[in-house]
Structures are given as C-alpha cells and as structure tokens.
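Participant: First the structure, then my questions, so here it is.
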Amino acid sequence: MHLNSKSRSKIPIILIISIFIGNQIAQNIGVSSHFSSSYLDDLICLPIVFFIVQQVHRWLNNGNYILPISHIFTGILFFSIIFELILPQLSNRYIGDFYDIGFYFIGASIFYFINISDIPSVLTPTPPDG
C-alpha cells in the first residue's frame with residue numbers, strides 16, 4: 001500500500017491524538033504514571049492545537065498553509081501565560097508548573113519538525129542546473 005504525501009502527513013497527528021485519548025482513558029480508569037498524568041497532556045496539546053489551526057486555515061483558504069514559527073512561539077507563550085501563570089491564580093484546579101512550559105516547547109518543536117518534513121524544498125536541496 002502506497003501512501004500519498006497528504007495521507008502520510010496525517011499519520012503523526014493521528015498517532016498524537018490516539019496517545020491523548022489513550023492517556024485520558026488510562027487516567028479515568030486509574031492506570032497512569034506520574035509522567036502521563038502530569039506532563040503528557042502538556043507535551044501533546046500544542047501539536048494538536050497547531051494542527052487544527054493549520055488545517056482550518058488550509059480549508060478556508062484552499063492552500064498548503066504552513067503555520068509560521070512566529071505563530072508557534074506565540075502559541076507557546078500564550079499557553080504558558082494562561083495555563084501556568086493566570087489560571088493557577090484564579091482556581092485551585094490549576095497548578096503553575098514551570099516544567100509544563102518545557103513540555104509545551106518540546107511538543108511545539110515536535111509539531112514544527114513534523115510540519116517541515118512535509119515541505120520537500122526545505123529538506124531536499126535543489127540540484128544545481130547542469
């Protein structure tokens with residue numbers, strides 16, 4: 001079975017969403033580790049959010065939109081401020097944990113590197129004219 005580039009580019013996000021769903025099920029039935037209950041959601045939330053934002057932009061503009069790195073950094077900053085600084089001040093349900101910011105960054109980096117792998121010209125040098 002041969003996958004075209006559009007199908008191949010969806011495999012990482014399907015895997016990430018599957019991990020998220022599996023983690024939620026594990027937490028709900030009480031079978032989760034400290035890492036998965038504390039940091040796994042932080043690691044995979046931004047790739048999911050960025051994929052959705054990018055996909056909606058593509059649908060609305062009929063294009064091959066690639067989320068700019070400036071938007072990725074803005075997303076990291078936004079999530080860090082909202083979920084690690086503001087919400088912990090407003091509710092005991094949220095805990096400000098600066099390790100989460102590192103996991104936001106790692107997750108965003110995963111999204112970025114998966115994303116640029118879909119751009120052949122970035123990864124494959126153009127052969128010289130000869």
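Order determines the names: the first chain of the structure tokens is A, the second B, and so forth; residues in each chain are numbered 1 upward, and ligands are numbered 1 upward as they are shown.
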Could you tell me, as a ChimeraX atom specification, which residues of chain A DSSP assigns to helix (DSSP H, G or I) when given the backbone?

Facilitator: /A:5-28,34-61,69-90,98-116,120-123

Participant: Write out as a list of chain:residue names each polymer residue whose atoms come within 12 Å of Ile81 (chain A), counting only C-alpha atoms; drop sequence neighbours fewer than 3 positions from it.

Facilitator: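 Close residues of Ile81 (chain A): A:Thr74, A:Gly75, A:Ile76, A:Leu77, A:Phe78, A:Glu84, A:Leu85, A:Ile86, A:Leu87, A:Pro88, A:Gln89, A:Gly96, A:Asp97, A:Phe98, A:Asp100, A:Ile101, A:Tyr104.
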
Participant: Considering only C-alpha atoms, state which residue in the set A:Leu43, A:Phe79, A:Tyr65, A:Phe50 is at the smallest distance from Ile106 (chain A).

Facilitator: A:Leu43
